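Okay, structure first, notes after.
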Amino acid sequence: MKDLHGTASASVAAPIEECFALVEAVDRYPSWYPDVVREAEILGRNGDGHPTRTRATLHASVGPFVKDFHLLLAVTVEQFSTVKLTRIPHDSSDPERFEVIWRLQPGGETRVHLTLDANLSVPRLVPVGGIGDSVAAGFVAAAANALVKPRG
């Protein structure tokens, strides 16, 4: 098991409503970050239509280490503020953790911030120093690019 932690932020010239719609639509992540999010499917929604559970496949590639993580995630949403994705364990003895928190702050530009906290099954010899920050930065950069693309 390896602990991964990372953070990344960017200011985006898009309204907070648009930023929120992008990070809340977990099932659309593969369309704007296909290198890492290979599949995502919303399994449940609350009465307001916000996602509550999703299944996702995340692809990791670090040197010779390549692995797909198949995750069942709880989704917690605070309108126009926070989207939190938390791995649901297989059972009480399952030690793996994975949590991503998107935080949005309004302003002249919307501030998009991502925090990653994980403890995943990764071989001992695979170096993970800086990987958490790299993954977080990749997510934020991909989201920022998706927000500035012209819509057709």
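Labels used: A, B, ... for chains in the order of the structure tokens, numbers from 1 for residues in each chain, and numbers from 1 for ligands as shown.
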Identify all residues of chain A in alpha helix (DSSP H) (DSSP on the backbone) and supply them as a count of residues only.
-> 31
Mind dumping a table of every region 37-93 of chain A residue within 12 Å of region 107-114 of chain A, with the nearest atom pair and its distance in Å to one decimal, using only C-alpha atoms, sorted by chain and rising number, as a Markdown table?
| residue | atom | partner | partner_atom | distance |
| --- | --- | --- | --- | --- |
| A:Phe80 | CA | A:Thr110 | CA | 10.6 |
| A:Ser81 | CA | A:Val112 | CA | 9.7 |
| A:Thr82 | CA | A:His113 | CA | 9.6 |
| A:Val83 | CA | A:Leu114 | CA | 9.6 |
| A:Lys84 | CA | A:Leu114 | CA | 9.6 |
| A:Leu85 | CA | A:Leu114 | CA | 11.0 |
Residues from last step as file, C-alpha atoms, as a CSV table (one decimal), in the first residue's frame:
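Everything below was put into part-v5.csv:
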chain,number,residue,atom,x,y,z
A,80,PHE,CA,-21.5,25.6,-6.8
A,81,SER,CA,-18.9,24.9,-4.1
A,82,THR,CA,-17.7,21.3,-3.7
A,83,VAL,CA,-17.7,17.9,-5.3
A,84,LYS,CA,-16.2,15.1,-3.3
A,85,LEU,CA,-15.5,11.6,-4.6
Atom pair CA of Pro89 (chain A) + CA of Thr57 (chain A), distance 15.0 Å
Please give the complete set of residues from region 27-132 of chain A that DSSP, run on the backbone, assigns to strand (DSSP E), formatted as a PyMOL selection string.
-> chain A and resi 37-45+51-62+65-78+82-87+97-105+110-120
Please list as a PDB file with all heavy atoms, in the first residue's frame every residue within 10 Å of Ala146 (chain A), counting only C-alpha atoms and excluding residues in the same chain fewer than 4 positions away.
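Output saved as selection.pdb:
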ATOM      1  N   CYS A  19     -18.115  25.733 -14.239  1.00  0.00           N
ATOM      2  CA  CYS A  19     -17.080  24.913 -13.597  1.00  0.00           C
ATOM      3  C   CYS A  19     -17.719  23.805 -12.768  1.00  0.00           C
ATOM      4  O   CYS A  19     -17.293  22.650 -12.823  1.00  0.00           O
ATOM      5  CB  CYS A  19     -16.184  25.783 -12.718  1.00  0.00           C
ATOM      6  SG  CYS A  19     -15.238  27.022 -13.628  1.00  0.00           S
ATOM      7  N   LEU A  22     -19.148  21.008 -14.866  1.00  0.00           N
ATOM      8  CA  LEU A  22     -18.105  20.123 -15.395  1.00  0.00           C
ATOM      9  C   LEU A  22     -17.649  19.109 -14.351  1.00  0.00           C
ATOM     10  O   LEU A  22     -17.599  17.906 -14.627  1.00  0.00           O
ATOM     11  CB  LEU A  22     -16.902  20.934 -15.887  1.00  0.00           C
ATOM     12  CG  LEU A  22     -15.791  20.083 -16.493  1.00  0.00           C
ATOM     13  CD1 LEU A  22     -16.075  19.822 -17.968  1.00  0.00           C
ATOM     14  CD2 LEU A  22     -14.444  20.742 -16.315  1.00  0.00           C
ATOM     15  N   TYR A  29     -16.193  12.747 -17.268  1.00  0.00           N
ATOM     16  CA  TYR A  29     -14.743  12.882 -17.099  1.00  0.00           C
ATOM     17  C   TYR A  29     -13.950  12.223 -18.233  1.00  0.00           C
ATOM     18  O   TYR A  29     -12.960  12.791 -18.692  1.00  0.00           O
ATOM     19  CB  TYR A  29     -14.282  12.308 -15.759  1.00  0.00           C
ATOM     20  CG  TYR A  29     -14.579  13.140 -14.527  1.00  0.00           C
ATOM     21  CD1 TYR A  29     -15.584  14.107 -14.498  1.00  0.00           C
ATOM     22  CD2 TYR A  29     -13.869  12.938 -13.363  1.00  0.00           C
ATOM     23  CE1 TYR A  29     -15.846  14.847 -13.348  1.00  0.00           C
ATOM     24  CE2 TYR A  29     -14.127  13.663 -12.204  1.00  0.00           C
ATOM     25  CZ  TYR A  29     -15.118  14.618 -12.208  1.00  0.00           C
ATOM     26  OH  TYR A  29     -15.368  15.340 -11.076  1.00  0.00           O
ATOM     27  N   SER A  31     -14.497  12.154 -21.267  1.00  0.00           N
ATOM     28  CA  SER A  31     -14.493  12.987 -22.472  1.00  0.00           C
ATOM     29  C   SER A  31     -13.453  14.102 -22.392  1.00  0.00           C
ATOM     30  O   SER A  31     -12.964  14.568 -23.412  1.00  0.00           O
ATOM     31  CB  SER A  31     -15.885  13.579 -22.736  1.00  0.00           C
ATOM     32  OG  SER A  31     -16.207  14.564 -21.774  1.00  0.00           O
ATOM     33  N   TRP A  32     -13.085  14.547 -21.180  1.00  0.00           N
ATOM     34  CA  TRP A  32     -12.095  15.614 -21.077  1.00  0.00           C
ATOM     35  C   TRP A  32     -10.791  15.187 -20.408  1.00  0.00           C
ATOM     36  O   TRP A  32      -9.828  15.946 -20.420  1.00  0.00           O
ATOM     37  CB  TRP A  32     -12.668  16.873 -20.418  1.00  0.00           C
ATOM     38  CG  TRP A  32     -13.346  16.744 -19.093  1.00  0.00           C
ATOM     39  CD1 TRP A  32     -14.688  16.610 -18.876  1.00  0.00           C
ATOM     40  CD2 TRP A  32     -12.744  16.796 -17.792  1.00  0.00           C
ATOM     41  NE1 TRP A  32     -14.945  16.558 -17.529  1.00  0.00           N
ATOM     42  CE2 TRP A  32     -13.775  16.679 -16.840  1.00  0.00           C
ATOM     43  CE3 TRP A  32     -11.429  16.926 -17.338  1.00  0.00           C
ATOM     44  CZ2 TRP A  32     -13.537  16.678 -15.473  1.00  0.00           C
ATOM     45  CZ3 TRP A  32     -11.185  16.934 -15.972  1.00  0.00           C
ATOM     46  CH2 TRP A  32     -12.246  16.813 -15.066  1.00  0.00           C
ATOM     47  N   TYR A  33     -10.744  13.966 -19.856  1.00  0.00           N
ATOM     48  CA  TYR A  33      -9.473  13.457 -19.313  1.00  0.00           C
ATOM     49  C   TYR A  33      -9.346  11.951 -19.571  1.00  0.00           C
ATOM     50  O   TYR A  33      -9.197  11.152 -18.661  1.00  0.00           O
ATOM     51  CB  TYR A  33      -9.379  13.770 -17.827  1.00  0.00           C
ATOM     52  CG  TYR A  33      -7.948  13.753 -17.283  1.00  0.00           C
ATOM     53  CD1 TYR A  33      -6.847  13.953 -18.105  1.00  0.00           C
ATOM     54  CD2 TYR A  33      -7.710  13.532 -15.946  1.00  0.00           C
ATOM     55  CE1 TYR A  33      -5.561  13.941 -17.615  1.00  0.00           C
ATOM     56  CE2 TYR A  33      -6.414  13.520 -15.430  1.00  0.00           C
ATOM     57  CZ  TYR A  33      -5.353  13.723 -16.273  1.00  0.00           C
ATOM     58  OH  TYR A  33      -4.066  13.698 -15.782  1.00  0.00           O
ATOM     59  N   VAL A 140      -6.670  19.037 -12.831  1.00  0.00           N
ATOM     60  CA  VAL A 140      -7.000  20.457 -12.886  1.00  0.00           C
ATOM     61  C   VAL A 140      -6.712  21.029 -14.274  1.00  0.00           C
ATOM     62  O   VAL A 140      -7.518  21.785 -14.829  1.00  0.00           O
ATOM     63  CB  VAL A 140      -6.272  21.234 -11.774  1.00  0.00           C
ATOM     64  CG1 VAL A 140      -6.401  22.741 -11.969  1.00  0.00           C
ATOM     65  CG2 VAL A 140      -6.820  20.836 -10.413  1.00  0.00           C
ATOM     66  N   ALA A 141      -5.579  20.667 -14.867  1.00  0.00           N
ATOM     67  CA  ALA A 141      -5.241  21.158 -16.210  1.00  0.00           C
ATOM     68  C   ALA A 141      -6.261  20.680 -17.243  1.00  0.00           C
ATOM     69  O   ALA A 141      -6.694  21.447 -18.112  1.00  0.00           O
ATOM     70  CB  ALA A 141      -3.833  20.715 -16.601  1.00  0.00           C
ATOM     71  N   ALA A 142      -6.661  19.411 -17.147  1.00  0.00           N
ATOM     72  CA  ALA A 142      -7.643  18.872 -18.093  1.00  0.00           C
ATOM     73  C   ALA A 142      -8.991  19.572 -17.920  1.00  0.00           C
ATOM     74  O   ALA A 142      -9.659  19.902 -18.907  1.00  0.00           O
ATOM     75  CB  ALA A 142      -7.790  17.361 -17.893  1.00  0.00           C
ATOM     76  N   PRO A 150     -13.846  26.082 -27.136  1.00  0.00           N
ATOM     77  CA  PRO A 150     -15.070  26.637 -27.724  1.00  0.00           C
ATOM     78  C   PRO A 150     -16.135  25.557 -27.843  1.00  0.00           C
ATOM     79  O   PRO A 150     -15.836  24.411 -28.158  1.00  0.00           O
ATOM     80  CB  PRO A 150     -14.624  27.135 -29.101  1.00  0.00           C
ATOM     81  CG  PRO A 150     -13.299  26.531 -29.359  1.00  0.00           C
ATOM     82  CD  PRO A 150     -12.729  26.083 -28.048  1.00  0.00           C
ATOM     83  N   ARG A 151     -17.332  25.930 -27.549  1.00  0.00           N
ATOM     84  CA  ARG A 151     -18.450  24.985 -27.629  1.00  0.00           C
ATOM     85  C   ARG A 151     -19.088  25.092 -29.015  1.00  0.00           C
ATOM     86  O   ARG A 151     -19.325  26.180 -29.498  1.00  0.00           O
ATOM     87  CB  ARG A 151     -19.483  25.290 -26.550  1.00  0.00           C
ATOM     88  CG  ARG A 151     -18.790  25.392 -25.166  1.00  0.00           C
ATOM     89  CD  ARG A 151     -19.292  24.372 -24.236  1.00  0.00           C
ATOM     90  NE  ARG A 151     -18.802  24.359 -22.892  1.00  0.00           N
ATOM     91  CZ  ARG A 151     -17.597  24.425 -22.432  1.00  0.00           C
ATOM     92  NH1 ARG A 151     -16.615  24.659 -23.216  1.00  0.00           N
ATOM     93  NH2 ARG A 151     -17.320  24.295 -21.171  1.00  0.00           N
TER      94      ARG A 151
END
Do you have the CA of Ala21 (chain A)-CA of Ile42 (chain A) distance handy?
->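 Computed distance, CA of Ala21 (chain A) to CA of Ile42 (chain A), equals 14.3 Å.
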Please measure the separation of CA of Leu73 (chain A) and CA of Ala14 (chain A), giving the value in Å to one decimal.
-> 27.1 Å
Do a neighbour search on Val148 (chain A) at 8 Å with only C-alpha atoms, toss out local chain neighbours closer than 3 positions, and write the hits as a ChimeraX atom specification.
-> /A:12-14,144-145
Using only all heavy atoms, please write the residues we just selected to a file, as an mmCIF file, in the first residue's frame.
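Wrote it out as again_18.cif, contents follow:
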data_model
loop_
_atom_site.group_PDB
_atom_site.id
_atom_site.type_symbol
_atom_site.label_atom_id
_atom_site.label_comp_id
_atom_site.auth_asym_id
_atom_site.auth_seq_id
_atom_site.Cartn_x
_atom_site.Cartn_y
_atom_site.Cartn_z
ATOM 1 N N VAL A 12 -9.770 29.976 -13.704
ATOM 2 C CA VAL A 12 -10.369 29.709 -15.004
ATOM 3 C C VAL A 12 -11.342 30.840 -15.356
ATOM 4 O O VAL A 12 -12.164 31.223 -14.519
ATOM 5 C CB VAL A 12 -11.124 28.358 -14.987
ATOM 6 C CG1 VAL A 12 -11.723 28.049 -16.336
ATOM 7 C CG2 VAL A 12 -10.199 27.231 -14.552
ATOM 8 N N ALA A 13 -11.252 31.329 -16.575
ATOM 9 C CA ALA A 13 -12.141 32.397 -17.034
ATOM 10 C C ALA A 13 -13.472 31.803 -17.472
ATOM 11 O O ALA A 13 -13.868 31.883 -18.631
ATOM 12 C CB ALA A 13 -11.489 33.184 -18.165
ATOM 13 N N ALA A 14 -14.156 31.171 -16.533
ATOM 14 C CA ALA A 14 -15.468 30.579 -16.783
ATOM 15 C C ALA A 14 -16.303 30.806 -15.531
ATOM 16 O O ALA A 14 -15.763 30.809 -14.421
ATOM 17 C CB ALA A 14 -15.341 29.084 -17.077
ATOM 18 N N ALA A 144 -9.470 22.639 -16.717
ATOM 19 C CA ALA A 144 -9.314 24.016 -17.209
ATOM 20 C C ALA A 144 -9.362 24.053 -18.739
ATOM 21 O O ALA A 144 -10.010 24.926 -19.323
ATOM 22 C CB ALA A 144 -7.999 24.603 -16.695
ATOM 23 N N ASN A 145 -8.702 23.093 -19.382
ATOM 24 C CA ASN A 145 -8.742 23.032 -20.857
ATOM 25 C C ASN A 145 -10.152 22.790 -21.358
ATOM 26 O O ASN A 145 -10.567 23.378 -22.353
ATOM 27 C CB ASN A 145 -7.813 21.933 -21.379
ATOM 28 C CG ASN A 145 -6.352 22.303 -21.260
ATOM 29 O OD1 ASN A 145 -6.001 23.478 -21.189
ATOM 30 N ND2 ASN A 145 -5.503 21.301 -21.223
#
May I have the residues within 9 Å of region 53-56 of chain A as a PyMOL selection string, using only C-alpha atoms and disregarding those fewer than 6 positions away in the same chain?
-> chain A and resi 26-27+37-45+69-76+85
